[in-house]
Every structure is written in structure tokens, then in C-alpha cells.
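Asker: To start, I am sharing the structure in question, which I have written as C-alpha cells.
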Amino acid sequence: MTCIFVTGTDTDVGKTLVSSALLLRLAQGGYRTLAMKPVAAGAALTEHGLRNDDALQLRAAMNVTGVEYSELNPVCLAPPVAPHLAAEQVNQRLTVRDLTEHFKSLRAAYAHDLMLVEGAGGWQVPLNDEESLADFVEAIGAKVVLVVGLKLGCLNHTLLTIADLQHRGIEVLGWVANQAQPEAMALQTENVAWLKRRLQIPLLGSIPFLEKTAEADRPASAVDYLPASQELMSVLQGS
């Protein structure tokens, strides 16, 4: 069973869009997909409890059924701020150990071909004063797909993220360039080409801003910019 962690060069770069599109593409090839959002900050109170939009999108995109929301998103925090600060506001402490136990329980409970775990914010988002989500990725032994938000500063953000991943010995299987805002960055094509040369990591797709697509339909539209199911699964399996 393959496990990947989707992280981004910053917050609001389209991790959920890309994660959902990856899940949908793999489902087209008959692969069983399971998703997890270990920590979500920014949630609305519903009749079923707190619910985070990103986690709900992942739940809609994966095709393994019967998963309870609390399994997919074990830590759901109302304040729309950094997770460790949101947790402090509700007198909760986030730890790598607890998140790892949730991850192991979910992974063992359902048959699947690929499990996708989506981060929160960028790569080094803190969980507490000593630990970060990056430490959680090390603990679960996942490989990474990096979402690069195409905006001014993305070259620096990408290189810094890759540098820490390499320092930790975590393999980056591929990256996705995503235009998360309506206006394209200056010299966007040239920036993507430079990163492609510099990173020497498979570019899985370059997704434009899907302005003519309803927000709920954007993951399905983003699928068109990804490799075919079998090719994509081969990359994500590291083969």
C-alpha cells in the first residue's frame, strides 16, 4: 500500500485541489484511494460537529467508503489560524505521537491501494513548540508530493522546502505547479521551466487557474492536467 504526503510551498497554494485531483485520477484507473487530513484549522460548526472544507473535499474525492469524518480528520479546530495556535485557543495540545496513532489506525482499518495525507499550510507548520508536521511525515515514513503555488517568491519557497526535505532524507516523488489566483505571475512559463530544470523531479502537472469552472467542479477539471492513472500510480509508487 502506497502512502504519500501532499505539502505546499505556502498556505493557499492549492493542496486540496491537487490532492482531490490526484485521488480522482487514480480512481479512474480502478485504484482504491483513502485520504486523511490529520490537522485542520478553520472549521464551521454543523449539526454533525465541526467540519473543515478541505477535509470534506478529500472525503468526496476518495473512493474507499465507510470512513467516519473523525477518522479522516482527527483534529478539527475552529479558529482559522496556524494549527498550534488554534489548538492553544481550545486548550488542546498537538503531538506527532497522537497524529501518528490516528494515521496508523486509519491505514489499518480500510483496504486501499494508495493513502493520501494532506498537510496544513506549508511544510514546516508547527504542531507545538518542539514539533512540526514535517516531523510527523518522518514518523509515518511517507514520501512527498509538493504543490508549488505559482506566485512571486515561489522559487525561493520551493528551494527552501526541497532543501529541508533532502536534509531529512525524505523522497519527493513529484511536484505540481498550480496557479491558485486569477492573475498569472509574471513570466510564469519561464519560472516553471526553471524549476523543472533545477529540481530534476517529475513535474506531474501544471494547473492553470480554473476561472470558468465552479469551485466544486475544479478538482475534476484539474484531473485533465495530470498523467494517466497507471503512469501516475507508477510515479507515486516510486517505480
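Chain lettering (A, B, ...) mirrors the order of the C-alpha cells, residue numbering begins at 1 for each chain separately, and ligand numbering begins at 1 in order of display.
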Considering only C-alpha atoms, tabulate each residue of stretch 17-104 of chain A that lies at most 12 Å from stretch 157-176 of chain A along with its nearest interatomic pair and the corresponding distance in Å to one decimal; arrange the rows by chain and ascending residue number and present them as a Markdown table.
Answerer:
| residue | atom | partner | partner_atom | distance |
| --- | --- | --- | --- | --- |
| A:Leu17 | CA | A:Val176 | CA | 10.8 |
| A:Val18 | CA | A:Val176 | CA | 7.6 |
| A:Ser19 | CA | A:Val176 | CA | 10.2 |
| A:Ala21 | CA | A:Val176 | CA | 11.0 |
| A:Leu22 | CA | A:Val176 | CA | 10.4 |
Asker: If you run DSSP on the backbone, which residues of stretch 28-222 of chain A are helix (DSSP H, G or I), as a PyMOL selection string?
Answerer: chain A and resi 28+53-61+69-72+83-89+96-109+133-140+154-168+188-199+215-222
Asker: Output C-alpha atoms for every residue in that selection, as a short mmCIF file (atom, residue, chain, number, x, y, z; two decimals), in the first residue's frame.
Answerer:
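Result file is out.cif:
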data_model
loop_
_atom_site.label_atom_id
_atom_site.label_comp_id
_atom_site.auth_asym_id
_atom_site.auth_seq_id
_atom_site.Cartn_x
_atom_site.Cartn_y
_atom_site.Cartn_z
CA GLN A 28 -10.33 6.40 -12.89
CA ASP A 53 -13.98 22.23 3.90
CA ASP A 54 -10.63 20.75 2.83
CA ALA A 55 -11.31 17.51 4.70
CA LEU A 56 -14.78 17.28 3.18
CA GLN A 57 -13.35 17.72 -0.31
CA LEU A 58 -10.86 14.90 0.31
CA ARG A 59 -13.67 12.69 1.58
CA ALA A 60 -15.67 13.36 -1.59
CA ALA A 61 -12.69 12.62 -3.85
CA TYR A 69 -15.20 12.05 9.44
CA SER A 70 -13.31 11.82 12.74
CA GLU A 71 -11.08 9.14 11.24
CA LEU A 72 -10.25 11.21 8.18
CA PRO A 83 -2.80 24.82 13.93
CA HIS A 84 -0.67 25.12 17.06
CA LEU A 85 -2.24 28.49 17.88
CA ALA A 86 -5.74 27.21 17.12
CA ALA A 87 -5.09 24.27 19.44
CA GLU A 88 -3.90 26.58 22.21
CA GLN A 89 -7.14 28.57 21.94
CA VAL A 96 3.42 13.85 16.46
CA ARG A 97 2.74 10.78 18.59
CA ASP A 98 -1.02 11.31 18.68
CA LEU A 99 -1.28 12.10 14.96
CA THR A 100 0.81 9.04 14.14
CA GLU A 101 -1.53 6.81 16.15
CA HIS A 102 -4.52 8.22 14.27
CA PHE A 103 -2.71 7.62 10.98
CA LYS A 104 -1.87 4.01 11.83
CA SER A 105 -5.43 3.26 12.91
CA LEU A 106 -6.94 4.65 9.72
CA ARG A 107 -4.42 2.96 7.46
CA ALA A 108 -5.01 -0.43 9.09
CA ALA A 109 -8.80 -0.17 9.11
CA LEU A 133 4.10 18.48 10.53
CA ALA A 134 7.43 17.74 8.87
CA ASP A 135 8.32 15.63 11.91
CA PHE A 136 5.01 13.79 11.52
CA VAL A 137 5.88 12.92 7.91
CA GLU A 138 9.19 11.49 9.08
CA ALA A 139 7.39 9.46 11.74
CA ILE A 140 4.96 7.83 9.30
CA CYS A 154 7.73 30.60 -5.33
CA LEU A 155 11.30 29.86 -6.48
CA ASN A 156 12.68 30.69 -3.05
CA HIS A 157 9.85 28.87 -1.24
CA THR A 158 10.32 25.78 -3.39
CA LEU A 159 14.09 25.58 -2.94
CA LEU A 160 13.84 26.08 0.84
CA THR A 161 11.21 23.35 1.12
CA ILE A 162 13.17 20.92 -1.04
CA ALA A 163 16.34 21.65 0.96
CA ASP A 164 14.69 20.62 4.23
CA LEU A 165 13.12 17.54 2.65
CA GLN A 166 16.53 16.46 1.36
CA HIS A 167 18.14 17.20 4.74
CA ARG A 168 15.60 14.89 6.38
CA GLN A 188 5.03 32.07 -15.26
CA THR A 189 6.04 29.67 -18.04
CA GLU A 190 9.70 30.60 -17.63
CA ASN A 191 9.52 30.12 -13.85
CA VAL A 192 8.01 26.65 -14.22
CA ALA A 193 10.64 25.73 -16.81
CA TRP A 194 13.43 26.91 -14.47
CA LEU A 195 12.09 24.85 -11.59
CA LYS A 196 11.74 21.82 -13.82
CA ARG A 197 15.42 22.07 -14.79
CA ARG A 198 16.63 22.82 -11.26
CA LEU A 199 14.63 20.24 -9.31
CA GLU A 215 -15.39 25.71 -7.32
CA ALA A 216 -16.95 22.33 -6.55
CA ASP A 217 -16.07 21.10 -10.05
CA ARG A 218 -12.45 22.28 -10.08
CA PRO A 219 -10.83 19.04 -8.85
CA ALA A 220 -12.49 17.11 -11.70
CA SER A 221 -11.27 19.75 -14.17
CA ALA A 222 -7.76 19.69 -12.69
#
Asker: With only C-alpha atoms as the atoms that count, which of A:Pro80, A:Pro202, A:Gly30, A:Gly122 lies nearest to A:Asp10?
Answerer: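 Result for the nearest residue to A:Asp10: A:Gly122.
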Asker: So, with only C-alpha atoms as the atoms that count, which of A:Leu24, A:Val13, A:Met1, A:Leu127 lies closest to A:Gln179?
Answerer: A:Val13
Asker: Just checking: using only C-alpha atoms, which residue out of A:Ala228, A:Ala111, A:Ala177, A:Met233 ends up closest to A:Gly205?
Answerer: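 Once distances to A:Gly205 are computed over only C-alpha atoms, the minimum belongs to A:Ala177.
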Asker: At a cut-off of 10 Å, using only C-alpha atoms, what residues contact A:Ala120? Leave out same-chain residues fewer than 4 positions from it and give the result as a list in words.
Answerer: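 Using only C-alpha atoms, the neighbours found are Val6, Thr7, Gly8, Asp10, Thr11, Asp12, Lys15, Thr16, Lys37, Pro38, Val39, Ala40, Ala41, Asp54, Ala82, Pro83, Gln124, Val125, Pro126 and Leu133 of chain A.
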Asker: Enumerate, as a count of residues only, the complete set of residues in stretch 4-238 of chain A that a backbone-based DSSP assignment places in strand (DSSP E).
Answerer: 45
Asker: Atom CA of A:Trp123 to atom CA of A:Val81: how many Å, to one decimal?
Answerer: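 According to the coordinates, atom CA of A:Trp123 and atom CA of A:Val81 are separated by 15.5 Å.
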Asker: Which of these residues is nearest to A:Tyr110, using only C-alpha atoms: A:Leu94, A:Ala44, A:Ala142, A:Val64?
Answerer: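 When distances to A:Tyr110 are compared using only C-alpha atoms, the smallest one comes from A:Val64.
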